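Novice: The following file, structure_32.cif, comprises mmCIF, C-alpha atoms:
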```cif
data_coords
#
loop_
_atom_site.group_PDB
_atom_site.id
_atom_site.type_symbol
_atom_site.label_atom_id
_atom_site.label_comp_id
_atom_site.auth_asym_id
_atom_site.auth_seq_id
_atom_site.Cartn_x
_atom_site.Cartn_y
_atom_site.Cartn_z
ATOM 1 C CA MET A 1 127.060 86.918 70.317
ATOM 2 C CA TYR A 2 124.581 89.769 69.808
ATOM 3 C CA GLN A 3 123.225 88.775 66.387
ATOM 4 C CA LYS A 4 119.631 88.559 67.674
ATOM 5 C CA LEU A 5 119.855 92.081 69.089
ATOM 6 C CA PHE A 6 120.212 93.596 65.644
ATOM 7 C CA GLU A 7 117.486 91.579 63.959
ATOM 8 C CA GLN A 8 114.131 93.197 63.214
ATOM 9 C CA GLY A 9 111.759 93.251 66.165
ATOM 10 C CA LYS A 10 108.052 93.729 66.605
ATOM 11 C CA ILE A 11 105.917 95.352 69.314
ATOM 12 C CA GLY A 12 102.250 94.734 68.646
ATOM 13 C CA LYS A 13 101.705 95.571 64.979
ATOM 14 C CA LEU A 14 104.762 97.838 64.909
ATOM 15 C CA ASP A 15 107.891 96.713 63.043
ATOM 16 C CA ILE A 16 111.166 97.935 64.561
ATOM 17 C CA LYS A 17 114.417 97.777 62.597
ATOM 18 C CA SER A 18 116.350 96.225 65.493
ATOM 19 C CA ARG A 19 115.722 95.052 69.043
ATOM 20 C CA THR A 20 117.770 97.874 70.536
ATOM 21 C CA VAL A 21 115.825 100.332 72.681
ATOM 22 C CA MET A 22 116.817 103.652 74.229
ATOM 23 C CA PRO A 23 114.701 103.718 77.400
ATOM 24 C CA ALA A 24 113.327 106.914 78.887
ATOM 25 C CA MET A 25 115.909 109.169 80.519
ATOM 26 C CA GLY A 26 115.268 112.689 81.741
ATOM 27 C CA VAL A 27 117.319 115.344 79.966
ATOM 28 C CA ASN A 28 115.657 118.572 81.220
ATOM 29 C CA TYR A 29 115.905 120.211 77.806
ATOM 30 C CA SER A 30 112.212 121.159 77.481
ATOM 31 C CA THR A 31 110.727 124.606 78.044
ATOM 32 C CA ALA A 32 108.987 125.428 81.325
ATOM 33 C CA ASN A 33 105.697 124.625 79.533
ATOM 34 C CA GLY A 34 106.948 121.212 78.460
ATOM 35 C CA GLU A 35 107.551 121.988 74.789
ATOM 36 C CA ALA A 36 110.389 120.185 73.036
ATOM 37 C CA THR A 37 113.242 122.604 72.326
ATOM 38 C CA ASN A 38 115.616 122.457 69.351
ATOM 39 C CA GLN A 39 118.306 121.158 71.727
ATOM 40 C CA GLU A 40 116.023 118.309 72.798
ATOM 41 C CA ILE A 41 115.000 117.470 69.249
ATOM 42 C CA GLU A 42 118.637 117.359 68.129
ATOM 43 C CA TYR A 43 119.526 115.204 71.150
ATOM 44 C CA TYR A 44 117.007 112.517 70.167
ATOM 45 C CA LYS A 45 117.814 112.878 66.478
ATOM 46 C CA ALA A 46 121.485 112.131 67.190
ATOM 47 C CA ARG A 47 120.524 108.948 69.038
ATOM 48 C CA ALA A 48 118.319 107.878 66.146
ATOM 49 C CA LYS A 49 121.197 108.508 63.737
ATOM 50 C CA GLY A 50 123.259 106.115 65.822
ATOM 51 C CA GLY A 51 120.974 103.258 64.801
ATOM 52 C CA ILE A 52 118.652 102.651 67.761
ATOM 53 C CA GLY A 53 115.489 100.762 66.829
ATOM 54 C CA LEU A 54 113.163 102.460 69.329
ATOM 55 C CA ILE A 55 113.527 105.643 71.377
ATOM 56 C CA ILE A 56 111.308 106.253 74.406
ATOM 57 C CA THR A 57 111.226 109.898 75.452
ATOM 58 C CA GLY A 58 111.971 111.038 78.967
ATOM 59 C CA ILE A 59 109.068 111.401 81.413
ATOM 60 C CA THR A 60 106.242 113.259 79.647
ATOM 61 C CA ASN A 61 103.799 114.938 82.011
ATOM 62 C CA VAL A 62 100.059 114.390 81.625
ATOM 63 C CA ASP A 63 98.494 117.014 83.911
ATOM 64 C CA GLY A 64 100.701 120.123 83.835
ATOM 65 C CA LYS A 65 100.285 120.626 87.588
ATOM 66 C CA ALA A 66 100.992 118.387 90.599
ATOM 67 C CA GLY A 67 102.305 115.588 88.407
ATOM 68 C CA ARG A 68 105.427 117.389 87.239
ATOM 69 C CA ALA A 69 108.682 115.856 88.474
ATOM 70 C CA CYS A 70 110.977 118.705 87.449
ATOM 71 C CA GLY A 71 110.890 122.125 85.869
ATOM 72 C CA ASN A 72 111.895 121.232 82.326
ATOM 73 C CA GLN A 73 110.307 117.922 81.409
ATOM 74 C CA LEU A 74 108.293 117.193 78.291
ATOM 75 C CA SER A 75 104.525 117.533 78.543
ATOM 76 C CA ALA A 76 101.579 116.178 76.605
ATOM 77 C CA ALA A 77 99.095 117.858 78.926
ATOM 78 C CA SER A 78 97.856 120.419 76.384
ATOM 79 C CA GLU A 79 97.158 120.782 72.678
ATOM 80 C CA GLY A 80 99.720 123.588 72.517
ATOM 81 C CA ASN A 81 102.554 121.090 72.858
ATOM 82 C CA VAL A 82 101.548 118.857 69.945
ATOM 83 C CA ARG A 83 103.484 120.882 67.340
ATOM 84 C CA SER A 84 106.868 120.543 69.078
ATOM 85 C CA LEU A 85 106.186 116.897 69.929
ATOM 86 C CA ARG A 86 105.521 116.249 66.243
ATOM 87 C CA GLU A 87 108.833 117.901 65.364
ATOM 88 C CA LEU A 88 110.576 115.573 67.808
ATOM 89 C CA ALA A 89 108.861 112.471 66.388
ATOM 90 C CA ASP A 90 109.636 113.569 62.821
ATOM 91 C CA ALA A 91 113.311 114.024 63.689
ATOM 92 C CA VAL A 92 113.539 110.510 65.109
ATOM 93 C CA HIS A 93 111.724 109.079 62.091
ATOM 94 C CA THR A 94 114.376 110.583 59.791
ATOM 95 C CA TYR A 95 116.497 107.510 60.494
ATOM 96 C CA ASP A 96 113.681 104.950 60.488
ATOM 97 C CA THR A 97 113.737 104.835 64.294
ATOM 98 C CA LYS A 98 110.401 104.420 66.075
ATOM 99 C CA SER A 99 109.325 106.707 68.931
ATOM 100 C CA PHE A 100 107.242 106.171 72.067
ATOM 101 C CA GLY A 101 106.234 108.963 74.432
ATOM 102 C CA GLN A 102 106.433 107.972 78.092
ATOM 103 C CA ILE A 103 103.331 109.344 79.840
ATOM 104 C CA HIS A 104 103.978 110.113 83.478
ATOM 105 C CA HIS A 105 102.730 111.586 86.736
ATOM 106 C CA ALA A 106 105.227 111.945 89.597
ATOM 107 C CA GLY A 107 102.706 111.149 92.351
ATOM 108 C CA ILE A 108 104.227 111.289 95.830
ATOM 109 C CA GLN A 109 107.753 111.689 94.441
ATOM 110 C CA THR A 110 107.620 115.393 93.749
ATOM 111 C CA SER A 111 107.077 118.430 95.955
ATOM 112 C CA SER A 112 105.168 121.689 96.125
ATOM 113 C CA ARG A 113 108.538 123.470 95.764
ATOM 114 C CA ILE A 114 108.705 122.126 92.211
ATOM 115 C CA THR A 115 105.057 122.212 91.162
ATOM 116 C CA GLY A 116 103.305 124.754 93.373
ATOM 117 C CA PHE A 117 100.845 122.004 94.316
ATOM 118 C CA LYS A 118 100.752 119.387 97.052
ATOM 119 C CA PRO A 119 101.941 115.962 95.867
ATOM 120 C CA GLU A 120 99.177 113.491 95.015
ATOM 121 C CA GLY A 121 98.921 109.792 95.688
ATOM 122 C CA PRO A 122 96.684 106.876 96.575
ATOM 123 C CA SER A 123 97.154 107.546 100.310
ATOM 124 C CA ALA A 124 98.181 110.437 102.540
ATOM 125 C CA LEU A 125 101.765 109.270 102.869
ATOM 126 C CA ALA A 126 105.133 110.885 102.236
ATOM 127 C CA SER A 127 108.032 109.556 100.230
ATOM 128 C CA LYS A 128 110.907 109.258 102.695
ATOM 129 C CA VAL A 129 113.105 111.040 100.175
ATOM 130 C CA VAL A 130 110.760 113.967 99.441
ATOM 131 C CA GLY A 131 109.229 114.135 102.919
ATOM 132 C CA GLU A 132 106.004 115.932 101.969
ATOM 133 C CA VAL A 133 102.737 114.191 102.857
ATOM 134 C CA ALA A 134 100.659 113.659 99.728
ATOM 135 C CA HIS A 135 97.049 114.590 99.143
ATOM 136 C CA GLU A 136 95.006 111.382 99.103
ATOM 137 C CA LEU A 137 93.196 111.378 95.775
ATOM 138 C CA THR A 138 89.437 111.029 95.754
ATOM 139 C CA ILE A 139 87.810 108.585 93.346
ATOM 140 C CA GLU A 140 86.626 111.543 91.258
ATOM 141 C CA GLU A 141 90.199 112.879 91.097
ATOM 142 C CA ILE A 142 91.562 109.463 90.148
ATOM 143 C CA LYS A 143 89.091 109.193 87.288
ATOM 144 C CA LYS A 144 90.127 112.668 86.117
ATOM 145 C CA LEU A 145 93.768 111.583 86.123
ATOM 146 C CA GLU A 146 92.901 108.464 84.141
ATOM 147 C CA GLY A 147 91.344 110.753 81.553
ATOM 148 C CA GLN A 148 94.451 112.944 81.505
ATOM 149 C CA PHE A 149 96.702 109.950 80.800
ATOM 150 C CA ILE A 150 94.411 108.875 77.967
ATOM 151 C CA ALA A 151 94.213 112.403 76.523
ATOM 152 C CA ALA A 152 98.018 112.676 76.622
ATOM 153 C CA ALA A 153 98.280 109.428 74.643
ATOM 154 C CA VAL A 154 95.854 110.784 72.035
ATOM 155 C CA ARG A 155 97.990 113.929 71.693
ATOM 156 C CA LEU A 156 101.124 111.855 71.224
ATOM 157 C CA LYS A 157 99.396 109.797 68.552
ATOM 158 C CA ASN A 158 98.313 113.037 66.851
ATOM 159 C CA ALA A 159 101.949 114.143 67.062
ATOM 160 C CA GLU A 160 102.799 111.014 65.022
ATOM 161 C CA PHE A 161 104.476 109.031 67.770
ATOM 162 C CA ASP A 162 104.427 105.299 67.087
ATOM 163 C CA GLY A 163 103.199 104.415 70.563
ATOM 164 C CA VAL A 164 103.239 105.366 74.214
ATOM 165 C CA GLU A 165 104.682 103.942 77.374
ATOM 166 C CA ILE A 166 102.682 104.165 80.594
ATOM 167 C CA HIS A 167 105.124 104.815 83.435
ATOM 168 C CA ALA A 168 104.009 102.435 86.164
ATOM 169 C CA ALA A 169 107.404 102.019 87.844
ATOM 170 C CA HIS A 170 109.940 103.759 90.096
ATOM 171 C CA GLY A 171 107.495 104.822 92.811
ATOM 172 C CA TYR A 172 105.673 107.394 90.688
ATOM 173 C CA LEU A 173 101.882 107.741 90.722
ATOM 174 C CA ILE A 174 100.776 104.472 89.116
ATOM 175 C CA SER A 175 103.601 102.568 90.777
ATOM 176 C CA SER A 176 102.448 103.871 94.158
ATOM 177 C CA PHE A 177 98.952 102.498 93.456
ATOM 178 C CA LEU A 178 100.432 99.078 92.610
ATOM 179 C CA SER A 179 102.599 98.897 95.723
ATOM 180 C CA PRO A 180 101.057 97.654 98.994
ATOM 181 C CA LEU A 181 103.563 99.864 100.822
ATOM 182 C CA THR A 182 102.143 103.129 99.483
ATOM 183 C CA ASN A 183 98.540 102.154 98.695
ATOM 184 C CA LYS A 184 96.544 101.868 101.926
ATOM 185 C CA ARG A 185 93.145 102.548 100.361
ATOM 186 C CA GLU A 186 90.083 100.509 101.305
ATOM 187 C CA ASP A 187 87.934 101.352 98.284
ATOM 188 C CA GLU A 188 87.886 100.081 94.695
ATOM 189 C CA TYR A 189 91.429 101.394 94.102
ATOM 190 C CA GLY A 190 93.101 99.667 97.053
ATOM 191 C CA GLY A 191 93.536 96.389 98.861
ATOM 192 C CA SER A 192 93.514 93.470 96.424
ATOM 193 C CA LEU A 193 95.878 93.330 93.457
ATOM 194 C CA GLU A 194 92.875 93.739 91.151
ATOM 195 C CA ASN A 195 91.953 96.980 92.901
ATOM 196 C CA ARG A 196 95.517 98.294 93.038
ATOM 197 C CA MET A 197 95.781 97.684 89.286
ATOM 198 C CA ARG A 198 92.505 99.416 88.488
ATOM 199 C CA ILE A 199 93.989 102.819 87.575
ATOM 200 C CA LEU A 200 96.550 101.212 85.256
ATOM 201 C CA LEU A 201 94.021 98.942 83.568
ATOM 202 C CA ASN A 202 91.573 101.822 83.086
ATOM 203 C CA ILE A 203 94.296 103.917 81.447
ATOM 204 C CA LEU A 204 95.441 101.046 79.219
ATOM 205 C CA GLY A 205 91.857 100.283 78.175
ATOM 206 C CA GLY A 206 91.118 103.946 77.483
ATOM 207 C CA ILE A 207 94.200 104.365 75.300
ATOM 208 C CA LYS A 208 93.292 101.310 73.261
ATOM 209 C CA ALA A 209 89.713 102.573 72.917
ATOM 210 C CA TYR A 210 90.659 106.102 71.798
ATOM 211 C CA CYS A 211 93.899 105.421 69.889
ATOM 212 C CA GLY A 212 92.970 102.073 68.386
ATOM 213 C CA LYS A 213 94.073 98.551 69.257
ATOM 214 C CA ASP A 214 97.002 98.779 66.821
ATOM 215 C CA PHE A 215 98.541 101.805 68.574
ATOM 216 C CA ALA A 216 101.423 100.327 70.552
ATOM 217 C CA VAL A 217 101.367 100.592 74.356
ATOM 218 C CA SER A 218 104.321 99.639 76.522
ATOM 219 C CA ILE A 219 104.112 99.440 80.308
ATOM 220 C CA ARG A 220 107.165 100.355 82.374
ATOM 221 C CA LEU A 221 106.885 98.119 85.412
ATOM 222 C CA ASN A 222 108.905 97.405 88.542
ATOM 223 C CA SER A 223 110.216 93.875 88.939
ATOM 224 C CA THR A 224 110.477 94.770 92.616
ATOM 225 C CA ASP A 225 110.454 98.039 94.532
ATOM 226 C CA HIS A 226 113.642 96.980 96.364
ATOM 227 C CA VAL A 227 111.993 98.372 99.518
ATOM 228 C CA GLU A 228 110.698 96.285 102.407
ATOM 229 C CA GLY A 229 106.905 95.996 102.193
ATOM 230 C CA GLY A 230 106.820 97.152 98.575
ATOM 231 C CA LEU A 231 105.981 95.349 95.338
ATOM 232 C CA GLU A 232 107.784 92.022 94.926
ATOM 233 C CA PHE A 233 108.450 89.973 91.811
ATOM 234 C CA GLU A 234 105.688 87.463 92.481
ATOM 235 C CA GLU A 235 103.062 90.216 92.151
ATOM 236 C CA CYS A 236 104.950 91.817 89.254
ATOM 237 C CA LEU A 237 104.565 88.560 87.352
ATOM 238 C CA GLN A 238 100.829 88.477 88.085
ATOM 239 C CA ILE A 239 100.495 92.112 86.998
ATOM 240 C CA ALA A 240 102.327 91.472 83.727
ATOM 241 C CA LYS A 241 100.113 88.496 82.864
ATOM 242 C CA ILE A 242 96.984 90.565 83.500
ATOM 243 C CA LEU A 243 98.360 93.450 81.409
ATOM 244 C CA GLU A 244 99.090 91.093 78.514
ATOM 245 C CA LYS A 245 95.491 89.864 78.555
ATOM 246 C CA ALA A 246 94.278 93.467 78.740
ATOM 247 C CA GLY A 247 96.093 94.416 75.527
ATOM 248 C CA ALA A 248 99.540 95.682 76.563
ATOM 249 C CA ASP A 249 101.991 95.251 73.692
ATOM 250 C CA CYS A 250 105.179 94.966 75.732
ATOM 251 C CA ILE A 251 106.605 95.259 79.245
ATOM 252 C CA ASN A 252 109.620 97.475 79.947
ATOM 253 C CA LEU A 253 110.935 95.923 83.143
ATOM 254 C CA SER A 254 112.851 98.073 85.603
ATOM 255 C CA GLY A 255 112.803 98.338 89.395
ATOM 256 C CA GLY A 256 113.237 100.530 92.435
ATOM 257 C CA THR A 257 111.844 103.780 93.836
ATOM 258 C CA TYR A 258 113.348 107.010 95.126
ATOM 259 C CA GLU A 259 113.819 105.223 98.466
ATOM 260 C CA SER A 260 116.093 102.647 96.818
ATOM 261 C CA GLY A 261 117.604 105.231 94.495
ATOM 262 C CA TYR A 262 120.736 103.390 93.306
ATOM 263 C CA THR A 263 118.465 100.649 91.922
ATOM 264 C CA ILE A 264 117.034 103.128 89.371
ATOM 265 C CA ILE A 265 120.175 105.010 88.335
ATOM 266 C CA GLU A 266 123.004 102.653 89.174
ATOM 267 C CA PRO A 267 126.563 103.680 89.998
ATOM 268 C CA SER A 268 129.263 102.068 87.869
ATOM 269 C CA SER A 269 130.101 99.722 90.756
ATOM 270 C CA ILE A 270 126.855 97.798 90.205
ATOM 271 C CA PRO A 271 127.404 94.767 87.899
ATOM 272 C CA GLN A 272 126.315 95.179 84.292
ATOM 273 C CA GLY A 273 122.967 93.556 83.486
ATOM 274 C CA TRP A 274 122.199 92.857 87.142
ATOM 275 C CA LYS A 275 118.419 92.949 86.491
ATOM 276 C CA LYS A 276 118.463 90.599 83.518
ATOM 277 C CA ASP A 277 117.260 87.557 85.479
ATOM 278 C CA TYR A 278 114.006 89.358 86.299
ATOM 279 C CA ALA A 279 113.438 90.081 82.603
ATOM 280 C CA LYS A 280 114.321 86.513 81.638
ATOM 281 C CA LYS A 281 111.848 85.054 84.133
ATOM 282 C CA LEU A 282 109.132 87.459 83.005
ATOM 283 C CA LYS A 283 109.713 86.620 79.341
ATOM 284 C CA GLU A 284 109.364 82.914 80.107
ATOM 285 C CA ASN A 285 105.820 83.607 81.279
ATOM 286 C CA LEU A 286 104.656 86.043 78.567
ATOM 287 C CA SER A 287 104.206 85.991 74.820
ATOM 288 C CA ILE A 288 104.608 89.789 74.379
ATOM 289 C CA PRO A 289 108.089 91.387 74.155
ATOM 290 C CA VAL A 290 109.991 92.268 77.319
ATOM 291 C CA ILE A 291 112.479 95.138 77.355
ATOM 292 C CA ALA A 292 115.418 94.563 79.719
ATOM 293 C CA VAL A 293 117.049 97.721 81.051
ATOM 294 C CA ASN A 294 119.534 99.317 83.460
ATOM 295 C CA ASN A 295 123.296 99.477 83.754
#
```
Let me see the file written as structure tokens.
Specialist:
Amino acid sequence: MYQKLFEQGKIGKLDIKSRTVMPAMGVNYSTANGEATNQEIEYYKARAKGGIGLIITGITNVDGKAGRACGNQLSAASEGNVRSLRELADAVHTYDTKSFGQIHHAGIQTSSRITGFKPEGPSALASKVVGEVAHELTIEEIKKLEGQFIAAAVRLKNAEFDGVEIHAAHGYLISSFLSPLTNKREDEYGGSLENRMRILLNILGGIKAYCGKDFAVSIRLNSTDHVEGGLEFEECLQIAKILEKAGADCINLSGGTYESGYTIIEPSSIPQGWKKDYAKKLKENLSIPVIAVNN
């Protein structure tokens, strides 16, 4: 039944020993500075030993400030973290498992209680779960953040990761730019789908320019926000097609935001594989791999 699952797969130029993927899950094992601890390294090493083809790390912060989602998440925001990130990648490679670092900024879904900074987003809105009105990013600040995502990807490549995943789902920063519910801008980063995608496309293009076209880039994308007025599957499909043309090597399809929380981390009462139809429909319209996830 699952013969195909254990055949060799390919993402971009990268060969993967099977089509099994461990998607990003937060473990809170890092130091306060975002360095990988021995506990974290052994955690991922054990999963690699189990035979997974690809491991994607938990959310890996790119700015070291307002973008942090929690106190002990990985970070690729500084050169000082490259050594421990390399140790993590080396541990995973021990078992011929490939590793992607998931580059991330929490956007409006964090708080000053966690970071010491006001949340940041495309518009001065508050997540209904967090309840703290975000600072509306200026164009100059957006361009700085684009550079931070790209720099984080370069550090992960230097740490010998096999690729990166841009977190553009779950209501975090890039997701909030994509969603018409949370992006109310009227400049080049808001309004039309092309404008709402601009930050993501600039980051993807920058990573390919600085890391090389053969360095694998996955995009974690929402099939739908599962929130009224948010991103729906019709636009998700358009986004994925544009990303494929722009050089994305695969789409990791998820869904939901903090406001539809059970759709991200499902209780056991939710049917197994309940999102698979979204992934199937997306795959029918793309030539790049699609990762299907959740419950």
Novice: If I take atom CA of Leu178 of chain A and atom CA of Leu231 of chain A, how far is one from the other in Å, to one decimal?
Specialist: 7.2 Å
Novice: Name the closest residue to Leu181 of chain A among the candidates A:Pro122, A:Gly67, A:Gly80, A:Gly163; distances are taken between atoms, counting all atoms listed in the file.
Specialist: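 The answer is A:Pro122, which sits nearest to Leu181 of chain A.
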Novice: Pick the closest to Asp249 of chain A from A:Lys283, A:Lys10, A:Lys4, A:Lys118: which is it, counting all atoms listed in the file?
Specialist: A:Lys10
Novice: Extract, using only C-alpha atoms, all DNA, RNA and protein residues at most 7 Å from segment 51-62 of chain A, discarding same-chain residues fewer than 3 positions from it, and format them as a PyMOL selection string.
Specialist: chain A and resi 16-27+47-48+67-68+73-77+97-105+148-149+152
Novice: Between atom CA of Ala124 of chain A and atom CA of Glu136 of chain A, measure the distance and give it in Å to one decimal.
Specialist: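 Rounded to one decimal, the two atoms are 4.8 Å apart.
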Novice: From the set A:Leu286, A:Ala91, A:Cys70, A:Ala151, which residue has the shortest atom-to-atom contact distance to Tyr44 of chain A, counting all atoms listed in the file?
Specialist: A:Ala91
Novice: So the first atom is atom CA of Trp274 of chain A and the second is atom CA of Asn222 of chain A; what is the distance between them in Å, to one decimal place?
Specialist: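 Distance reported for this atom pair: 14.1 Å.
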Novice: Would you kindly identify which residues have an atom no farther than 12 Å from (117.0, 100.9, 91.4), using all atoms listed in the file and the file's own coordinates, and write them out as a JSON list (two decimals) with C-alpha atoms, keeping the file's coordinate frame?
Specialist:
```json
[["chain", "number", "residue", "atom", "x", "y", "z"],
["A", 169, "ALA", "CA", 107.40, 102.02, 87.84],
["A", 170, "HIS", "CA", 109.94, 103.76, 90.10],
["A", 171, "GLY", "CA", 107.50, 104.82, 92.81],
["A", 222, "ASN", "CA", 108.90, 97.40, 88.54],
["A", 223, "SER", "CA", 110.22, 93.88, 88.94],
["A", 224, "THR", "CA", 110.48, 94.77, 92.62],
["A", 225, "ASP", "CA", 110.45, 98.04, 94.53],
["A", 226, "HIS", "CA", 113.64, 96.98, 96.36],
["A", 227, "VAL", "CA", 111.99, 98.37, 99.52],
["A", 253, "LEU", "CA", 110.94, 95.92, 83.14],
["A", 254, "SER", "CA", 112.85, 98.07, 85.60],
["A", 255, "GLY", "CA", 112.80, 98.34, 89.40],
["A", 256, "GLY", "CA", 113.24, 100.53, 92.44],
["A", 257, "THR", "CA", 111.84, 103.78, 93.84],
["A", 258, "TYR", "CA", 113.35, 107.01, 95.13],
["A", 259, "GLU", "CA", 113.82, 105.22, 98.47],
["A", 260, "SER", "CA", 116.09, 102.65, 96.82],
["A", 261, "GLY", "CA", 117.60, 105.23, 94.50],
["A", 262, "TYR", "CA", 120.74, 103.39, 93.31],
["A", 263, "THR", "CA", 118.46, 100.65, 91.92],
["A", 264, "ILE", "CA", 117.03, 103.13, 89.37],
["A", 265, "ILE", "CA", 120.18, 105.01, 88.34],
["A", 266, "GLU", "CA", 123.00, 102.65, 89.17],
["A", 267, "PRO", "CA", 126.56, 103.68, 90.00],
["A", 270, "ILE", "CA", 126.86, 97.80, 90.20],
["A", 274, "TRP", "CA", 122.20, 92.86, 87.14],
["A", 275, "LYS", "CA", 118.42, 92.95, 86.49],
["A", 293, "VAL", "CA", 117.05, 97.72, 81.05],
["A", 294, "ASN", "CA", 119.53, 99.32, 83.46],
["A", 295, "ASN", "CA", 123.30, 99.48, 83.75]]
```
Novice: Find, counting only C-alpha atoms, the residue in A:Asn202, A:Ser268, A:Ser127, A:Ser179 that gets nearest to Gly229 of chain A.
Specialist: A:Ser179
Novice: So that I can check the surroundings of Lys143 of chain A, please list as a CSV table (one decimal) with C-alpha atoms, in the coordinates of the input every protein, DNA and RNA residue that reaches within 12 Å of it, counting all atoms listed in the file and ignoring chain neighbours fewer than 5 positions away.
Specialist:
```
chain,number,residue,atom,x,y,z
A,137,LEU,CA,93.2,111.4,95.8
A,138,THR,CA,89.4,111.0,95.8
A,148,GLN,CA,94.5,112.9,81.5
A,149,PHE,CA,96.7,110.0,80.8
A,150,ILE,CA,94.4,108.9,78.0
A,188,GLU,CA,87.9,100.1,94.7
A,189,TYR,CA,91.4,101.4,94.1
A,198,ARG,CA,92.5,99.4,88.5
A,199,ILE,CA,94.0,102.8,87.6
A,200,LEU,CA,96.6,101.2,85.3
A,201,LEU,CA,94.0,98.9,83.6
A,202,ASN,CA,91.6,101.8,83.1
A,203,ILE,CA,94.3,103.9,81.4
A,206,GLY,CA,91.1,103.9,77.5
```
Novice: Run through the PyMOL selection byres ((chain A and resi 251) around 12) on the given coordinates and return the selected residues as a PyMOL selection string.
Specialist: chain A and resi 11-12+23+164-169+216-223+236-237+239-244+247-250+252-254+278-280+282-283+285-293
Novice: Which of these residues is nearest to Ala36 of chain A, using only C-alpha atoms: A:Lys208, A:Arg83, A:Arg113, A:Lys213?
Specialist: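 So, comparing all the options, the nearest one is A:Arg83.
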Novice: Convert the output of the PyMOL selection byres ((chain A and resi 29) around 8) on the shown file into explicit residues, formatted as a PyMOL selection string.
Specialist: chain A and resi 27-28+30-31+36-37+39-40+72-73
Novice: With distances taken over only C-alpha atoms, which of A:Lys245, A:Glu35, A:Lys13, A:Ser123 is nearest to Glu186 of chain A?
Specialist: A:Ser123
Novice: So that I can see what lies close to Ile108 of chain A, please list as a PDB file with C-alpha atoms, in the coordinates of the input the residues with an atom at most 8 Å from it, counting all atoms listed in the file and leaving out residues fewer than 5 positions away in the same chain.
Specialist:
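The resulting file, out_24.pdb, is reproduced below:
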```pdb
ATOM      1  CA  PRO A 119     101.941 115.962  95.867  1.00  0.00           C
ATOM      2  CA  GLU A 120      99.177 113.491  95.015  1.00  0.00           C
ATOM      3  CA  GLY A 121      98.921 109.792  95.688  1.00  0.00           C
ATOM      4  CA  LEU A 125     101.765 109.270 102.869  1.00  0.00           C
ATOM      5  CA  ALA A 126     105.133 110.885 102.236  1.00  0.00           C
ATOM      6  CA  SER A 127     108.032 109.556 100.230  1.00  0.00           C
ATOM      7  CA  VAL A 130     110.760 113.967  99.441  1.00  0.00           C
ATOM      8  CA  GLU A 132     106.004 115.932 101.969  1.00  0.00           C
ATOM      9  CA  VAL A 133     102.737 114.191 102.857  1.00  0.00           C
ATOM     10  CA  ALA A 134     100.659 113.659  99.728  1.00  0.00           C
ATOM     11  CA  GLY A 171     107.495 104.822  92.811  1.00  0.00           C
ATOM     12  CA  TYR A 172     105.673 107.394  90.688  1.00  0.00           C
ATOM     13  CA  LEU A 173     101.882 107.741  90.722  1.00  0.00           C
ATOM     14  CA  SER A 176     102.448 103.871  94.158  1.00  0.00           C
TER      15      SER A 176
END
```
Novice: Could you give me the centre and size, in Å to one decimal, of an axis-aligned box around all listed atoms of segment 157-169 of chain A with 5 Å added on every side, as lines of an AutoDock Vina configuration file?
Specialist:
```
center_x = 102.9
center_y = 108.1
center_z = 76.4
size_x = 19.1
size_y = 22.1
size_z = 32.8
```
Novice: Would you mind completing segment 149-159 of chain A so that it carries N, CA and C atoms, and writing it out as a PDB file, in the frame of the given file?
Specialist:
```pdb
ATOM      1  N   PHE A 149      95.753 110.885  81.423  1.00  0.00           N
ATOM      2  CA  PHE A 149      96.702 109.950  80.800  1.00  0.00           C
ATOM      3  C   PHE A 149      96.234 109.581  79.394  1.00  0.00           C
ATOM      4  N   ILE A 150      94.955 109.277  79.269  1.00  0.00           N
ATOM      5  CA  ILE A 150      94.411 108.875  77.967  1.00  0.00           C
ATOM      6  C   ILE A 150      94.501 110.028  76.971  1.00  0.00           C
ATOM      7  N   ALA A 151      94.146 111.231  77.404  1.00  0.00           N
ATOM      8  CA  ALA A 151      94.213 112.403  76.523  1.00  0.00           C
ATOM      9  C   ALA A 151      95.646 112.674  76.079  1.00  0.00           C
ATOM     10  N   ALA A 152      96.613 112.485  76.977  1.00  0.00           N
ATOM     11  CA  ALA A 152      98.018 112.676  76.622  1.00  0.00           C
ATOM     12  C   ALA A 152      98.445 111.682  75.546  1.00  0.00           C
ATOM     13  N   ALA A 153      97.969 110.438  75.660  1.00  0.00           N
ATOM     14  CA  ALA A 153      98.280 109.428  74.643  1.00  0.00           C
ATOM     15  C   ALA A 153      97.699 109.810  73.291  1.00  0.00           C
ATOM     16  N   VAL A 154      96.473 110.337  73.286  1.00  0.00           N
ATOM     17  CA  VAL A 154      95.854 110.784  72.035  1.00  0.00           C
ATOM     18  C   VAL A 154      96.685 111.900  71.402  1.00  0.00           C
ATOM     19  N   ARG A 155      97.164 112.834  72.227  1.00  0.00           N
ATOM     20  CA  ARG A 155      97.990 113.929  71.693  1.00  0.00           C
ATOM     21  C   ARG A 155      99.288 113.396  71.095  1.00  0.00           C
ATOM     22  N   LEU A 156      99.891 112.428  71.759  1.00  0.00           N
ATOM     23  CA  LEU A 156     101.124 111.855  71.224  1.00  0.00           C
ATOM     24  C   LEU A 156     100.864 111.109  69.918  1.00  0.00           C
ATOM     25  N   LYS A 157      99.738 110.433  69.823  1.00  0.00           N
ATOM     26  CA  LYS A 157      99.396 109.797  68.552  1.00  0.00           C
ATOM     27  C   LYS A 157      99.198 110.859  67.469  1.00  0.00           C
ATOM     28  N   ASN A 158      98.516 111.953  67.816  1.00  0.00           N
ATOM     29  CA  ASN A 158      98.313 113.037  66.851  1.00  0.00           C
ATOM     30  C   ASN A 158      99.637 113.708  66.467  1.00  0.00           C
ATOM     31  N   ALA A 159     100.621 113.611  67.348  1.00  0.00           N
ATOM     32  CA  ALA A 159     101.949 114.143  67.062  1.00  0.00           C
ATOM     33  C   ALA A 159     102.805 113.134  66.289  1.00  0.00           C
TER      34      ALA A 159
END
```
